[in-house]
file protein_23.cif (mmCIF, C-alpha atoms and all ligand atoms)
data_input
loop_
_atom_site.label_atom_id
_atom_site.label_comp_id
_atom_site.auth_asym_id
_atom_site.auth_seq_id
_atom_site.Cartn_x
_atom_site.Cartn_y
_atom_site.Cartn_z
CA MET H 1 -167.31 38.17 -15.03
CA SER H 2 -167.89 39.31 -18.59
CA THR H 3 -169.67 37.23 -21.21
CA PRO H 4 -168.78 37.60 -24.87
CA GLN H 5 -171.41 39.39 -26.93
CA HIS H 6 -170.27 37.65 -30.08
CA LEU H 7 -168.87 34.13 -29.84
CA ALA H 8 -167.40 32.47 -32.96
CA VAL H 9 -166.67 28.76 -33.11
CA ILE H 10 -164.55 26.78 -35.56
CA MET H 11 -166.09 23.35 -35.15
CA ASP H 12 -163.12 21.15 -36.05
CA GLY H 13 -162.19 17.53 -35.43
CA ASN H 14 -165.22 15.60 -36.68
CA GLY H 15 -163.19 13.50 -39.09
CA ARG H 16 -160.60 12.51 -36.49
CA TRP H 17 -163.32 11.71 -33.97
CA ALA H 18 -164.81 9.25 -36.46
CA LYS H 19 -161.46 7.83 -37.54
CA ARG H 20 -160.54 6.98 -33.96
CA ARG H 21 -163.68 4.89 -33.78
CA PHE H 22 -163.18 3.28 -37.20
CA LEU H 23 -166.30 5.05 -38.41
CA PRO H 24 -166.78 6.94 -41.68
CA ARG H 25 -165.97 10.67 -41.43
CA ILE H 26 -169.60 11.50 -41.99
CA GLU H 27 -170.48 9.91 -38.65
CA GLY H 28 -168.25 12.50 -37.05
CA HIS H 29 -170.21 15.23 -38.79
CA ARG H 30 -173.45 13.65 -37.61
CA ARG H 31 -172.22 13.70 -34.02
CA GLY H 32 -170.98 17.24 -34.54
CA ILE H 33 -174.56 18.35 -35.06
CA GLU H 34 -175.35 17.11 -31.53
CA SER H 35 -172.54 19.26 -30.14
CA LEU H 36 -173.86 22.23 -32.06
CA ARG H 37 -177.31 21.72 -30.58
CA THR H 38 -175.82 21.71 -27.06
CA ILE H 39 -173.68 24.77 -27.64
CA VAL H 40 -176.53 26.76 -29.17
CA SER H 41 -178.75 26.12 -26.16
CA GLN H 42 -175.95 26.83 -23.68
CA ALA H 43 -175.00 30.06 -25.46
CA ARG H 44 -178.63 31.11 -25.46
CA ARG H 45 -178.98 30.27 -21.77
CA ARG H 46 -175.94 32.36 -20.95
CA GLY H 47 -177.29 35.42 -22.72
CA ILE H 48 -174.77 35.52 -25.55
CA HIS H 49 -176.02 37.93 -28.20
CA SER H 50 -174.55 36.24 -31.28
CA LEU H 51 -173.08 32.84 -32.00
CA SER H 52 -171.30 32.32 -35.32
CA VAL H 53 -170.30 28.81 -36.29
CA PHE H 54 -168.09 27.63 -39.13
CA ALA H 55 -169.94 24.78 -40.81
CA PHE H 56 -168.28 24.74 -44.25
CA SER H 57 -165.43 26.87 -45.50
CA SER H 58 -164.94 28.15 -49.02
CA GLU H 59 -161.98 25.76 -49.10
CA ASN H 60 -163.95 22.70 -47.99
CA TRP H 61 -165.14 22.13 -51.59
CA ARG H 62 -161.73 20.53 -52.04
CA ARG H 63 -162.83 17.53 -49.98
CA PRO H 64 -163.93 14.24 -51.56
CA GLU H 65 -167.19 14.64 -53.40
CA ASP H 66 -169.08 12.14 -51.26
CA GLU H 67 -168.15 14.02 -48.07
CA VAL H 68 -169.17 17.36 -49.59
CA SER H 69 -172.50 16.02 -50.79
CA ALA H 70 -173.22 14.36 -47.45
CA LEU H 71 -172.50 17.66 -45.68
CA MET H 72 -174.82 19.51 -48.06
CA ARG H 73 -177.57 16.97 -47.32
CA PHE H 74 -176.99 17.49 -43.59
CA PHE H 75 -177.33 21.23 -44.02
CA VAL H 76 -180.64 20.93 -45.88
CA ALA H 77 -182.06 18.39 -43.43
CA GLY H 78 -180.71 20.26 -40.40
CA LEU H 79 -182.23 23.56 -41.50
CA GLU H 80 -185.60 21.91 -42.13
CA ARG H 81 -185.58 20.07 -38.82
CA GLU H 82 -184.15 22.72 -36.50
CA ALA H 83 -185.89 25.91 -37.67
CA GLU H 84 -189.03 25.49 -35.56
CA PRO H 85 -187.27 24.44 -32.33
CA LEU H 86 -184.80 27.31 -32.77
CA ALA H 87 -187.63 29.79 -33.25
CA ARG H 88 -189.33 28.51 -30.09
CA ALA H 89 -186.07 28.92 -28.19
CA GLY H 90 -185.68 32.53 -29.34
CA VAL H 91 -182.89 31.94 -31.84
CA ARG H 92 -182.75 33.88 -35.11
CA LEU H 93 -180.94 31.88 -37.73
CA HIS H 94 -178.86 33.36 -40.53
CA VAL H 95 -176.90 31.40 -43.09
CA VAL H 96 -173.87 33.46 -44.01
CA GLY H 97 -171.56 32.83 -46.94
CA ASP H 98 -171.32 32.94 -50.71
CA LYS H 99 -174.71 31.54 -51.67
CA THR H 100 -173.87 31.51 -55.37
CA GLY H 101 -172.24 28.16 -54.59
CA PHE H 102 -175.44 26.70 -53.09
CA SER H 103 -177.79 24.21 -54.75
CA GLU H 104 -181.42 25.24 -55.37
CA GLU H 105 -182.43 22.85 -52.62
CA LEU H 106 -180.11 24.45 -50.09
CA ILE H 107 -181.20 27.95 -51.10
CA GLY H 108 -184.84 26.95 -50.52
CA ALA H 109 -184.06 25.42 -47.12
CA VAL H 110 -182.10 28.52 -46.07
CA GLN H 111 -184.92 30.84 -47.08
CA ARG H 112 -187.52 28.82 -45.20
CA ALA H 113 -185.40 28.46 -42.05
CA GLU H 114 -184.44 32.13 -41.99
CA ALA H 115 -188.07 33.16 -42.47
CA ALA H 116 -189.26 30.79 -39.75
CA THR H 117 -186.87 32.28 -37.19
CA ALA H 118 -186.83 35.91 -38.38
CA ASN H 119 -188.94 37.21 -35.50
CA ALA H 120 -188.03 34.63 -32.89
CA VAL H 121 -188.21 35.89 -29.32
CA ALA H 122 -188.52 33.84 -26.15
CA GLU H 123 -188.78 35.20 -22.64
CA GLY H 124 -188.28 38.68 -24.02
CA SER H 125 -184.94 38.12 -25.72
CA PHE H 126 -183.27 36.34 -28.60
CA MET H 127 -179.89 35.21 -29.91
CA HIS H 128 -178.50 35.46 -33.42
CA LEU H 129 -177.09 32.21 -34.78
CA ASN H 130 -174.92 32.70 -37.85
CA VAL H 131 -174.24 29.42 -39.60
CA CYS H 132 -171.36 30.05 -41.97
CA ILE H 133 -171.54 27.91 -45.09
CA ASN H 134 -169.26 28.49 -48.10
CA TYR H 135 -167.87 31.29 -45.97
CA GLY H 136 -164.39 32.73 -46.05
CA GLY H 137 -163.08 35.74 -44.17
CA ARG H 138 -161.29 36.94 -47.30
CA TRP H 139 -164.48 36.60 -49.35
CA ASP H 140 -166.35 38.66 -46.73
CA ILE H 141 -163.87 41.53 -47.08
CA VAL H 142 -163.86 41.31 -50.87
CA GLN H 143 -167.65 41.37 -51.16
CA ALA H 144 -167.74 44.46 -48.93
CA ALA H 145 -165.06 46.21 -51.00
CA ARG H 146 -166.89 45.29 -54.19
CA LYS H 147 -170.12 46.86 -52.93
CA LEU H 148 -168.29 50.06 -52.05
CA ALA H 149 -166.63 50.15 -55.47
CA GLU H 150 -169.96 49.58 -57.24
CA GLN H 151 -171.54 52.41 -55.29
CA GLY H 152 -168.53 54.67 -55.90
CA GLU H 153 -168.07 55.08 -52.15
CA ALA H 154 -164.76 55.92 -50.48
CA ILE H 155 -163.01 52.97 -48.91
CA ASP H 156 -162.10 53.48 -45.28
CA VAL H 157 -162.35 51.36 -42.14
CA ALA H 158 -165.85 52.49 -41.25
CA SER H 159 -167.34 52.21 -44.74
CA LEU H 160 -165.81 48.80 -45.40
CA GLU H 161 -166.88 47.52 -42.01
CA SER H 162 -170.45 48.61 -42.65
CA HIS H 163 -170.64 46.34 -45.71
CA LEU H 164 -169.33 43.17 -44.09
CA THR H 165 -171.66 40.26 -43.43
CA MET H 166 -173.17 39.64 -39.97
CA GLN H 167 -173.76 43.34 -39.35
CA TRP H 168 -176.23 42.46 -36.62
CA SER H 169 -173.50 40.70 -34.60
CA GLY H 170 -170.70 43.25 -34.28
CA PRO H 171 -167.07 42.37 -33.56
CA VAL H 172 -166.14 38.87 -32.42
CA ASP H 173 -165.17 38.84 -28.74
CA LEU H 174 -164.17 35.22 -28.36
CA MET H 175 -163.20 32.70 -31.04
CA ILE H 176 -163.03 29.06 -30.03
CA ARG H 177 -161.40 26.39 -32.19
CA THR H 178 -161.73 22.75 -31.28
CA GLY H 179 -159.64 19.91 -32.70
CA GLY H 180 -156.19 21.00 -31.62
CA GLU H 181 -155.17 23.23 -34.53
CA SER H 182 -154.04 26.77 -33.77
CA ARG H 183 -155.17 28.50 -36.92
CA ILE H 184 -158.11 30.50 -38.20
CA SER H 185 -158.46 28.73 -41.58
CA ASN H 186 -160.02 31.78 -43.23
CA PHE H 187 -162.93 32.05 -40.80
CA ILE H 188 -164.04 35.51 -39.65
CA LEU H 189 -161.03 37.79 -40.11
CA TRP H 190 -161.87 41.47 -40.01
CA GLN H 191 -164.55 41.20 -37.33
CA ALA H 192 -162.18 39.05 -35.24
CA ALA H 193 -159.36 41.61 -35.28
CA TYR H 194 -159.54 41.92 -31.49
CA ALA H 195 -161.07 38.56 -30.63
CA GLU H 196 -159.63 36.49 -27.81
CA LEU H 197 -158.54 33.21 -29.40
CA TYR H 198 -159.16 29.96 -27.54
CA PHE H 199 -157.76 26.71 -28.88
CA THR H 200 -158.65 23.37 -27.37
CA GLU H 201 -157.58 19.80 -28.15
CA ARG H 202 -161.14 18.59 -27.62
CA LEU H 203 -162.63 17.26 -30.86
CA TRP H 204 -165.89 18.96 -31.83
CA PRO H 205 -168.16 15.90 -31.30
CA ASP H 206 -166.80 15.68 -27.73
CA PHE H 207 -167.17 19.40 -27.00
CA GLY H 208 -169.96 19.93 -24.48
CA ALA H 209 -171.46 22.34 -21.97
CA GLU H 210 -168.53 22.01 -19.55
CA ASP H 211 -166.00 22.72 -22.26
CA LEU H 212 -167.92 25.84 -23.20
CA SER H 213 -167.98 26.90 -19.54
CA GLU H 214 -164.20 26.50 -19.38
CA ALA H 215 -163.73 28.62 -22.49
CA LEU H 216 -166.05 31.31 -21.15
CA ASP H 217 -164.25 31.31 -17.78
CA TRP H 218 -160.96 31.74 -19.60
CA TYR H 219 -162.46 34.60 -21.61
CA GLY H 220 -163.68 36.21 -18.41
CA SER H 221 -160.14 36.22 -17.05
CA ARG H 222 -158.65 38.05 -20.04
CA GLU H 223 -157.82 41.71 -19.90
CA ARG H 224 -158.89 43.22 -23.21
CA ARG H 225 -156.68 46.22 -23.74
CA PHE H 226 -157.46 47.30 -27.33
CA GLY H 227 -154.06 48.95 -27.60
CA MET H 228 -154.18 50.68 -24.22
CA THR H 229 -152.11 49.94 -21.14
CA SER H 230 -153.20 47.76 -18.28
CA GLU H 231 -153.19 50.82 -15.99
CA GLN H 232 -155.55 52.65 -18.29
CA ILE H 233 -157.92 49.71 -18.29
CA SER H 234 -157.97 49.31 -14.51
CA GLY H 235 -158.29 53.09 -14.12
CA GLU H 236 -161.36 53.03 -16.34
CA ARG H 237 -162.92 50.36 -14.22
CA SER H 238 -162.36 51.98 -10.86
C1 LIG H 301 -164.78 20.04 -39.17
O1 LIG H 301 -164.28 18.77 -38.94
C2 LIG H 301 -166.04 20.01 -39.98
C3 LIG H 301 -165.90 20.52 -41.34
C4 LIG H 301 -164.84 21.05 -41.86
C5 LIG H 301 -167.09 20.43 -42.18
P1 LIG H 301 -163.25 18.09 -39.93
O2 LIG H 301 -164.03 17.32 -40.95
O3 LIG H 301 -162.33 19.10 -40.50
O4 LIG H 301 -162.49 17.11 -38.97
P2 LIG H 301 -160.94 16.74 -39.01
O5 LIG H 301 -160.17 18.02 -38.92
O6 LIG H 301 -160.69 16.03 -40.29
O7 LIG H 301 -160.75 15.87 -37.82
C1 LIG H 302 -162.17 24.74 -40.85
O1 LIG H 302 -161.77 23.44 -40.64
C2 LIG H 302 -163.53 24.77 -41.47
C3 LIG H 302 -164.63 24.33 -40.62
C4 LIG H 302 -164.56 23.98 -39.36
C5 LIG H 302 -165.92 24.32 -41.26
P1 LIG H 302 -160.83 22.65 -41.66
O2 LIG H 302 -160.63 21.31 -41.06
O3 LIG H 302 -161.39 22.69 -43.04
O4 LIG H 302 -159.49 23.51 -41.62
P2 LIG H 302 -158.02 23.14 -42.09
O5 LIG H 302 -158.11 22.70 -43.50
O6 LIG H 302 -157.53 22.03 -41.20
O7 LIG H 302 -157.23 24.39 -41.88
MG MG H 303 -160.51 19.78 -39.86
#
call {"tool": "encode", "arguments": {"input": "protein_23.cif", "output": "structure tokens", "more": "lines below"}}
Ligand code: IPE
Ligand code: IPE
Ligand code: MG
result
Amino acid sequence: MSTPQHLAVIMDGNGRWAKRRFLPRIEGHRRGIESLRTIVSQARRRGIHSLSVFAFSSENWRRPEDEVSALMRFFVAGLEREAEPLARAGVRLHVVGDKTGFSEELIGAVQRAEAATANAVAEGSFMHLNVCINYGGRWDIVQAARKLAEQGEAIDVASLESHLTMQWSGPVDLMIRTGGESRISNFILWQAAYAELYFTERLWPDFGAEDLSEALDWYGSRERRFGMTSEQISGERS
């Protein structure tokens, strides 16, 4: 059964998880970090090449200021705390998004965490972990187009694609969204053009190893046709 090379996850439902327990939303985010830890180690164990997670969208600035600032504190603390364990586990961390919106403190934490994991290898292999903060799929396409325009390069599919973020990860094979919504909310767009989309009611703080297994089993049962016919695909395999 095939495993996705590039898995993208929209980690949604933290606020509702907290609300159901009469807890502040931020407690949901705190618990969400636990889920992320589990999913990173499971993805690594399963030999996934790249895991991209949506931690903060370019639209999430619209949230109440106290929630935004708590999330930013979590990002700084999380990067400081997790960099060494990630490096030991063979995980190369990248923070992807429009960093012009980051505080000095966050920029420093990102630089240190990325440097600490830049050469991470364990048992002869490694996984890329792209943590998307102030990320938007539309922004990604625009920044690529802008680079091409600045360099006076022709705009075509190949040239634009080569300027997108997360070059090291390639196209998204499977995109999981927790929390019951069936939308992409401006997460990875271009690179997810042919992604299999998996939506689950499970709220992100409740999403665990078994839920990931279910999603990966479902992915393994898909026939990815890329515009071809089913007969062509089975013919190729035989
Ligand atoms: C996702 O959970 C985390 C972030 C957007 C940072 P939410 O905070 O969106 O949780 P719900 O959707 O309100 O339950
Ligand atoms: C998407 O979730 C962003 C992240 C998971 C970081 P949202 O909760 O912000 O998405 P919408 O607003 O419900 O579409
Ligand atoms: Mg949400």
call {"tool": "axis_aligned_box", "arguments": {"input": "protein_23.cif", "around": "ligand LIG 301 (chain H)", "padding_each_side": "6 Å", "output": "JSON"}}
result
{"center_x": -163.6, "center_y": 18.5, "center_z": -40.0, "size_x": 18.9, "size_y": 17.2, "size_z": 16.4}
call {"tool": "residues_near_ligand", "arguments": {"input": "protein_23.cif", "ligand": "ligand LIG 301 (chain H)", "cutoff": "9 Å", "atoms": "only C-alpha atoms and all ligand atoms", "output": "compact mmCIF listing (two decimals) with C-alpha atoms, keeping the file's coordinate frame"}}
result
# COMPACT_ATOMS: atom_id res chain seq x y z
CA ILE H 10 -164.55 26.78 -35.56
CA MET H 11 -166.09 23.35 -35.15
CA ASP H 12 -163.12 21.15 -36.05
CA GLY H 13 -162.19 17.53 -35.43
CA ASN H 14 -165.22 15.60 -36.68
CA GLY H 15 -163.19 13.50 -39.09
CA ARG H 16 -160.60 12.51 -36.49
CA TRP H 17 -163.32 11.71 -33.97
CA ALA H 18 -164.81 9.25 -36.46
CA LYS H 19 -161.46 7.83 -37.54
CA ARG H 25 -165.97 10.67 -41.43
CA ILE H 26 -169.60 11.50 -41.99
CA GLY H 28 -168.25 12.50 -37.05
CA HIS H 29 -170.21 15.23 -38.79
CA GLY H 32 -170.98 17.24 -34.54
CA PHE H 54 -168.09 27.63 -39.13
CA ALA H 55 -169.94 24.78 -40.81
CA PHE H 56 -168.28 24.74 -44.25
CA SER H 57 -165.43 26.87 -45.50
CA ASN H 60 -163.95 22.70 -47.99
CA GLU H 67 -168.15 14.02 -48.07
CA VAL H 68 -169.17 17.36 -49.59
CA LEU H 71 -172.50 17.66 -45.68
CA THR H 178 -161.73 22.75 -31.28
CA GLY H 179 -159.64 19.91 -32.70
CA GLY H 180 -156.19 21.00 -31.62
CA GLU H 181 -155.17 23.23 -34.53
CA LEU H 203 -162.63 17.26 -30.86
CA TRP H 204 -165.89 18.96 -31.83
call {"tool": "atom_distance", "arguments": {"input": "protein_23.cif", "atom1": "CA of Val121 (chain H)", "atom2": "CA of Arg44 (chain H)"}}
result
11.4 Å
call {"tool": "residues_around", "arguments": {"input": "protein_23.cif", "residues": "Pro171 (chain H)", "least_positions_apart": "2", "cutoff": "8 Å", "atoms": "all atoms listed in the file", "output": "ChimeraX atom specification"}}
result
/H:6,169,173,191-195
call {"tool": "write_last_selection", "arguments": {"input": "protein_23.cif", "atoms": "C-alpha atoms", "output": "short mmCIF file (atom, residue, chain, number, x, y, z; two decimals), in the coordinates of the input"}}
result
data_model
loop_
_atom_site.label_atom_id
_atom_site.label_comp_id
_atom_site.auth_asym_id
_atom_site.auth_seq_id
_atom_site.Cartn_x
_atom_site.Cartn_y
_atom_site.Cartn_z
CA HIS H 6 -170.27 37.65 -30.08
CA SER H 169 -173.50 40.70 -34.60
CA ASP H 173 -165.17 38.84 -28.74
CA GLN H 191 -164.55 41.20 -37.33
CA ALA H 192 -162.18 39.05 -35.24
CA ALA H 193 -159.36 41.61 -35.28
CA TYR H 194 -159.54 41.92 -31.49
CA ALA H 195 -161.07 38.56 -30.63
#
call {"tool": "atom_distance", "arguments": {"input": "protein_23.cif", "atom1": "CA of Glu104 (chain H)", "atom2": "atom MG of ligand MG 303 (chain H)"}}
result
26.6 Å
call {"tool": "decode", "arguments": {"input": "protein_23.cif", "residues": "region 109-128 of chain H", "atoms": "N, CA, C and O atoms", "output": "short mmCIF file (atom, residue, chain, number, x, y, z; two decimals), in the first residue's frame"}}
result
data_model
loop_
_atom_site.label_atom_id
_atom_site.label_comp_id
_atom_site.auth_asym_id
_atom_site.auth_seq_id
_atom_site.Cartn_x
_atom_site.Cartn_y
_atom_site.Cartn_z
N ALA H 109 13.79 32.89 16.94
CA ALA H 109 13.49 31.50 17.31
C ALA H 109 13.46 30.61 16.06
O ALA H 109 13.95 29.48 16.08
N VAL H 110 12.92 31.13 14.98
CA VAL H 110 12.86 30.37 13.72
C VAL H 110 14.28 30.09 13.22
O VAL H 110 14.61 28.95 12.87
N GLN H 111 15.10 31.13 13.24
CA GLN H 111 16.47 30.95 12.73
C GLN H 111 17.23 29.91 13.54
O GLN H 111 17.90 29.04 12.99
N ARG H 112 17.08 29.98 14.86
CA ARG H 112 17.81 29.03 15.71
C ARG H 112 17.29 27.61 15.50
O ARG H 112 18.07 26.66 15.38
N ALA H 113 15.98 27.45 15.43
CA ALA H 113 15.39 26.11 15.29
C ALA H 113 15.74 25.52 13.92
O ALA H 113 16.07 24.33 13.81
N GLU H 114 15.68 26.35 12.88
CA GLU H 114 16.01 25.84 11.55
C GLU H 114 17.48 25.43 11.48
O GLU H 114 17.82 24.38 10.93
N ALA H 115 18.34 26.25 12.10
CA ALA H 115 19.77 25.93 12.08
C ALA H 115 20.04 24.65 12.87
O ALA H 115 20.84 23.80 12.44
N ALA H 116 19.35 24.49 13.99
CA ALA H 116 19.60 23.31 14.84
C ALA H 116 19.19 22.00 14.17
O ALA H 116 19.69 20.94 14.51
N THR H 117 18.25 22.08 13.23
CA THR H 117 17.76 20.85 12.60
C THR H 117 18.22 20.70 11.15
O THR H 117 17.85 19.74 10.48
N ALA H 118 19.00 21.69 10.67
CA ALA H 118 19.32 21.75 9.23
C ALA H 118 19.96 20.47 8.69
O ALA H 118 19.73 20.10 7.54
N ASN H 119 20.77 19.81 9.52
CA ASN H 119 21.46 18.61 9.02
C ASN H 119 20.97 17.35 9.71
O ASN H 119 21.66 16.34 9.72
N ALA H 120 19.79 17.44 10.30
CA ALA H 120 19.30 16.30 11.09
C ALA H 120 19.15 15.04 10.26
O ALA H 120 18.55 15.06 9.18
N VAL H 121 19.72 13.97 10.76
CA VAL H 121 19.59 12.64 10.16
C VAL H 121 19.56 11.66 11.32
O VAL H 121 20.31 11.81 12.27
N ALA H 122 18.68 10.69 11.27
CA ALA H 122 18.69 9.62 12.27
C ALA H 122 18.44 8.31 11.55
O ALA H 122 17.58 8.24 10.67
N GLU H 123 19.20 7.32 11.92
CA GLU H 123 19.10 6.01 11.27
C GLU H 123 19.14 6.12 9.75
O GLU H 123 18.39 5.46 9.03
N GLY H 124 19.96 7.04 9.28
CA GLY H 124 20.21 7.15 7.85
C GLY H 124 19.16 7.89 7.04
O GLY H 124 19.27 7.97 5.82
N SER H 125 18.15 8.43 7.70
CA SER H 125 17.14 9.16 6.92
C SER H 125 16.62 10.36 7.70
O SER H 125 16.99 10.57 8.86
N PHE H 126 15.77 11.13 7.06
CA PHE H 126 15.21 12.30 7.74
C PHE H 126 13.87 12.64 7.12
O PHE H 126 13.50 12.13 6.06
N MET H 127 13.12 13.50 7.83
CA MET H 127 11.82 13.97 7.33
C MET H 127 11.82 15.49 7.38
O MET H 127 12.33 16.08 8.33
N HIS H 128 11.24 16.10 6.36
CA HIS H 128 11.05 17.56 6.39
C HIS H 128 9.74 17.86 7.13
O HIS H 128 8.70 17.26 6.83
#
